[in-house]
Amino acid sequence: MKKVLRVLGIIVLIIIVLIAVIIGVLYYGIYYGLSAPKDYTKKVVTGGDIEAKYLETGKYKTKSYTEDTAKPIDKFLFYYPEELENSNKKYPVIVVVNGTGVFANKSKYFLRHLASWGFIVLDNYDPGTYNGETANQTLNHLASLNKDKNSIFYNKADLDNVGITGHSQGGVGIFNATQAAGYDNTYKCAVSISPTDEELANKIGMKYTSSEITVPVLLLAGTENDVISAGNLEVMYNNLNVSKAMAVKTGTNHGEMFYCADGYATAWFMWHLQNDSDAGKAFTGSKPELISNKLYQNQHIDLE
């Protein structure tokens, strides 16, 4: 009898250990699994010289800044050009709005890439971001650090040149953040990557109205199992009354779009926030590269 109980005890112990391991693996995947692979800038296939140029790492070495705060933000994670700490100039800002359950540390290589092009890049650990509130709170925190003489960001943020981007639920969040009361003139441009289909989002409690956005916006999505179809993205695009561009990347699924769209997302921000005319050629002129890029479909550009 004792032998049987001993065997049962060992079996129970093994089961407990296995459960703990499974929970640990799941926790690691949820909290630390990457949304943008470390080497994505070297592996994403591009279809144009401009897209390729702005997918590459920029000229700036980067550093990160983390600060704990109250939930749902929980933590701020900022990336910035290393030279900022010893520079007298100001740097344009990009706010990143998380997709569902995507904490900032899962997007760190995406954040770092944007910072390498000379931006202060802001993110947080809020896993539910559709209403844009924590995106704006994160920007507010940078604004407070910009006034703090003890902060590395003191007088370093160019708050006249602020962009915003988000993927999935975060793609919804960019619309709500830019339309929030008191933020009418805060953002200069936006990039929405694979935003949750507007009709579906409104049904599941992530209400937004894309047509009310007032800043230039780039819409990007994929052809494979994305949360918005190419047709519905075009409907959204046609309802916008701002300078705008859109494209759907072929053979790319919802999760991949977060980083596979980075070449043109970075170019959009470089053009609007740093007056980079080379980046602007992706969207302007008689032959904008976005329109002729064979890796994309459903391309449209209408600039005011």
# chains A, B, ... in the order shown; residues from 1 in each chain; ligands from 1
>>> select_by_dssp(residues="segment 169-242 of chain A", states="alpha helix (DSSP H)", output="list in words")
Gln169, Gly170, Gly171, Val172, Gly173, Ile174, Phe175, Asn176, Ala177, Thr178, Gln179, Glu198, Glu199, Leu200, Ala201, Asn202, Lys203, Ala230, Gly231, Asn232, Leu233, Glu234, Val235, Met236, Tyr237 and Asn238 of chain A
>>> residues_around(residues="Ala181 of chain A", least_positions_apart="5", cutoff="12 Å", atoms="only C-alpha atoms", output="ChimeraX atom specification")
/A:132-133,136,176,186
>>> write_last_selection(atoms="N, CA, C and O atoms", output="short mmCIF file (atom, residue, chain, number, x, y, z; two decimals), in the first residue's frame")
data_model
loop_
_atom_site.label_atom_id
_atom_site.label_comp_id
_atom_site.auth_asym_id
_atom_site.auth_seq_id
_atom_site.Cartn_x
_atom_site.Cartn_y
_atom_site.Cartn_z
N GLY A 132 -7.21 54.76 -27.31
CA GLY A 132 -6.16 55.76 -27.49
C GLY A 132 -5.77 56.51 -26.23
O GLY A 132 -4.86 57.34 -26.25
N GLU A 133 -6.43 56.22 -25.10
CA GLU A 133 -6.20 57.00 -23.88
C GLU A 133 -4.77 56.85 -23.36
O GLU A 133 -4.12 57.85 -23.02
N ASN A 136 -2.12 58.64 -25.45
CA ASN A 136 -2.04 60.07 -25.15
C ASN A 136 -1.42 60.32 -23.77
O ASN A 136 -0.67 61.29 -23.58
N ASN A 176 -8.63 56.93 -32.47
CA ASN A 176 -9.22 57.50 -31.25
C ASN A 176 -8.26 58.45 -30.55
O ASN A 176 -8.69 59.47 -29.99
N THR A 186 -2.31 67.91 -31.84
CA THR A 186 -1.15 67.27 -31.22
C THR A 186 -0.33 66.47 -32.21
O THR A 186 0.90 66.51 -32.22
#
>>> residues_around(residues="Val242 of chain A", least_positions_apart="4", cutoff="8 Å", atoms="only C-alpha atoms", output="ChimeraX atom specification")
/A:213-217,303-304
>>> write_last_selection(atoms="C-alpha atoms", output="compact mmCIF listing (two decimals), in the first residue's frame")
# COMPACT_ATOMS: atom_id res chain seq x y z
CA ILE A 213 -9.34 61.61 -38.48
CA THR A 214 -7.84 65.02 -39.32
CA VAL A 215 -4.15 64.22 -39.93
CA PRO A 216 -2.43 62.62 -42.94
CA VAL A 217 -2.68 58.85 -42.61
CA LEU A 303 -2.52 64.10 -51.15
CA GLU A 304 -4.14 67.42 -50.29
>>> atom_distance(atom1="atom CA of Glu256 of chain A", atom2="atom CA of Pro81 of chain A")
25.9 Å
>>> closest_atom_pairs(of="segment 113-187 of chain A", to="segment 33-51 of chain A", cutoff="12 Å", atoms="only C-alpha atoms", output="tab-separated table")
residue	atom	partner	partner_atom	distance
A:His113	CA	A:Thr41	CA	8.3
A:Leu114	CA	A:Thr41	CA	11.2
A:His167	CA	A:Ser35	CA	10.4
A:Ser168	CA	A:Ser35	CA	11.9
>>> residues_around(residues="segment 233-240 of chain A", least_positions_apart="6", cutoff="10 Å", atoms="only C-alpha atoms", output="MDAnalysis selection string")
chainID A and resid 194:198 209:221 246:248 298:302
>>> atom_distance(atom1="atom CA of Gly173 of chain A", atom2="atom CA of Lys249 of chain A")
21.4 Å
>>> atom_distance(atom1="atom CA of Trp268 of chain A", atom2="atom CA of Val191 of chain A")
7.8 Å
>>> residues_around(residues="Trp271 of chain A", least_positions_apart="4", cutoff="12 Å", atoms="only C-alpha atoms", output="ChimeraX atom specification")
/A:50,54,92,117,161,163,188-190,216,218,264-267,275-284
>>> closest_residue(among="A:Phe119, A:Phe76, A:Tyr65, A:Phe103", to="Thr138 of chain A", atoms="only C-alpha atoms")
A:Phe76
>>> closest_residue(among="A:Tyr130, A:Tyr125, A:Tyr154, A:Tyr187", to="Asn202 of chain A", atoms="only C-alpha atoms")
A:Tyr130
>>> select_by_dssp(residues="segment 38-190 of chain A", states="strand (DSSP E or B)", output="PyMOL selection string")
chain A and resi 62-68+75-81+91-97+120-124+157-167+189-190
>>> write_last_selection(atoms="C-alpha atoms", output="mmCIF file, in the first residue's frame")
data_model
loop_
_atom_site.group_PDB
_atom_site.id
_atom_site.type_symbol
_atom_site.label_atom_id
_atom_site.label_comp_id
_atom_site.auth_asym_id
_atom_site.auth_seq_id
_atom_site.Cartn_x
_atom_site.Cartn_y
_atom_site.Cartn_z
ATOM 1 C CA THR A 62 19.971 53.964 -29.814
ATOM 2 C CA LYS A 63 19.285 53.581 -26.114
ATOM 3 C CA SER A 64 16.157 52.781 -24.129
ATOM 4 C CA TYR A 65 14.456 54.253 -21.082
ATOM 5 C CA THR A 66 12.042 52.379 -18.800
ATOM 6 C CA GLU A 67 9.890 53.752 -16.012
ATOM 7 C CA ASP A 68 7.275 52.040 -13.852
ATOM 8 C CA LYS A 75 5.576 50.630 -17.633
ATOM 9 C CA PHE A 76 6.804 53.180 -20.127
ATOM 10 C CA LEU A 77 9.391 52.013 -22.641
ATOM 11 C CA PHE A 78 11.043 54.695 -24.756
ATOM 12 C CA TYR A 79 13.773 54.310 -27.383
ATOM 13 C CA TYR A 80 15.808 57.297 -28.502
ATOM 14 C CA PRO A 81 19.023 58.264 -30.326
ATOM 15 C CA TYR A 91 14.000 65.118 -31.850
ATOM 16 C CA PRO A 92 10.599 64.347 -33.414
ATOM 17 C CA VAL A 93 8.400 61.862 -31.611
ATOM 18 C CA ILE A 94 6.524 58.697 -32.591
ATOM 19 C CA VAL A 95 3.903 57.144 -30.300
ATOM 20 C CA VAL A 96 3.357 53.400 -30.799
ATOM 21 C CA VAL A 97 -0.050 51.958 -29.863
ATOM 22 C CA ILE A 120 12.082 59.520 -29.713
ATOM 23 C CA VAL A 121 9.782 56.482 -29.784
ATOM 24 C CA LEU A 122 7.193 55.950 -27.045
ATOM 25 C CA ASP A 123 5.390 52.788 -25.972
ATOM 26 C CA ASN A 124 3.909 51.237 -22.827
ATOM 27 C CA ALA A 157 11.340 66.419 -27.596
ATOM 28 C CA ASP A 158 10.084 68.232 -30.685
ATOM 29 C CA LEU A 159 6.430 68.242 -29.711
ATOM 30 C CA ASP A 160 5.497 70.128 -32.875
ATOM 31 C CA ASN A 161 6.407 67.013 -34.856
ATOM 32 C CA VAL A 162 4.627 64.031 -33.344
ATOM 33 C CA GLY A 163 3.445 60.961 -35.248
ATOM 34 C CA ILE A 164 1.507 57.922 -34.135
ATOM 35 C CA THR A 165 1.314 54.329 -35.341
ATOM 36 C CA GLY A 166 -0.372 51.142 -34.197
ATOM 37 C CA HIS A 167 -1.102 47.602 -35.325
ATOM 38 C CA CYS A 189 0.609 62.294 -39.106
ATOM 39 C CA ALA A 190 -0.388 58.664 -38.500
#
>>> closest_residue(among="A:Ser192, A:Asn98, A:Asn140, A:Gln274", to="Lys244 of chain A", atoms="only C-alpha atoms")
A:Ser192
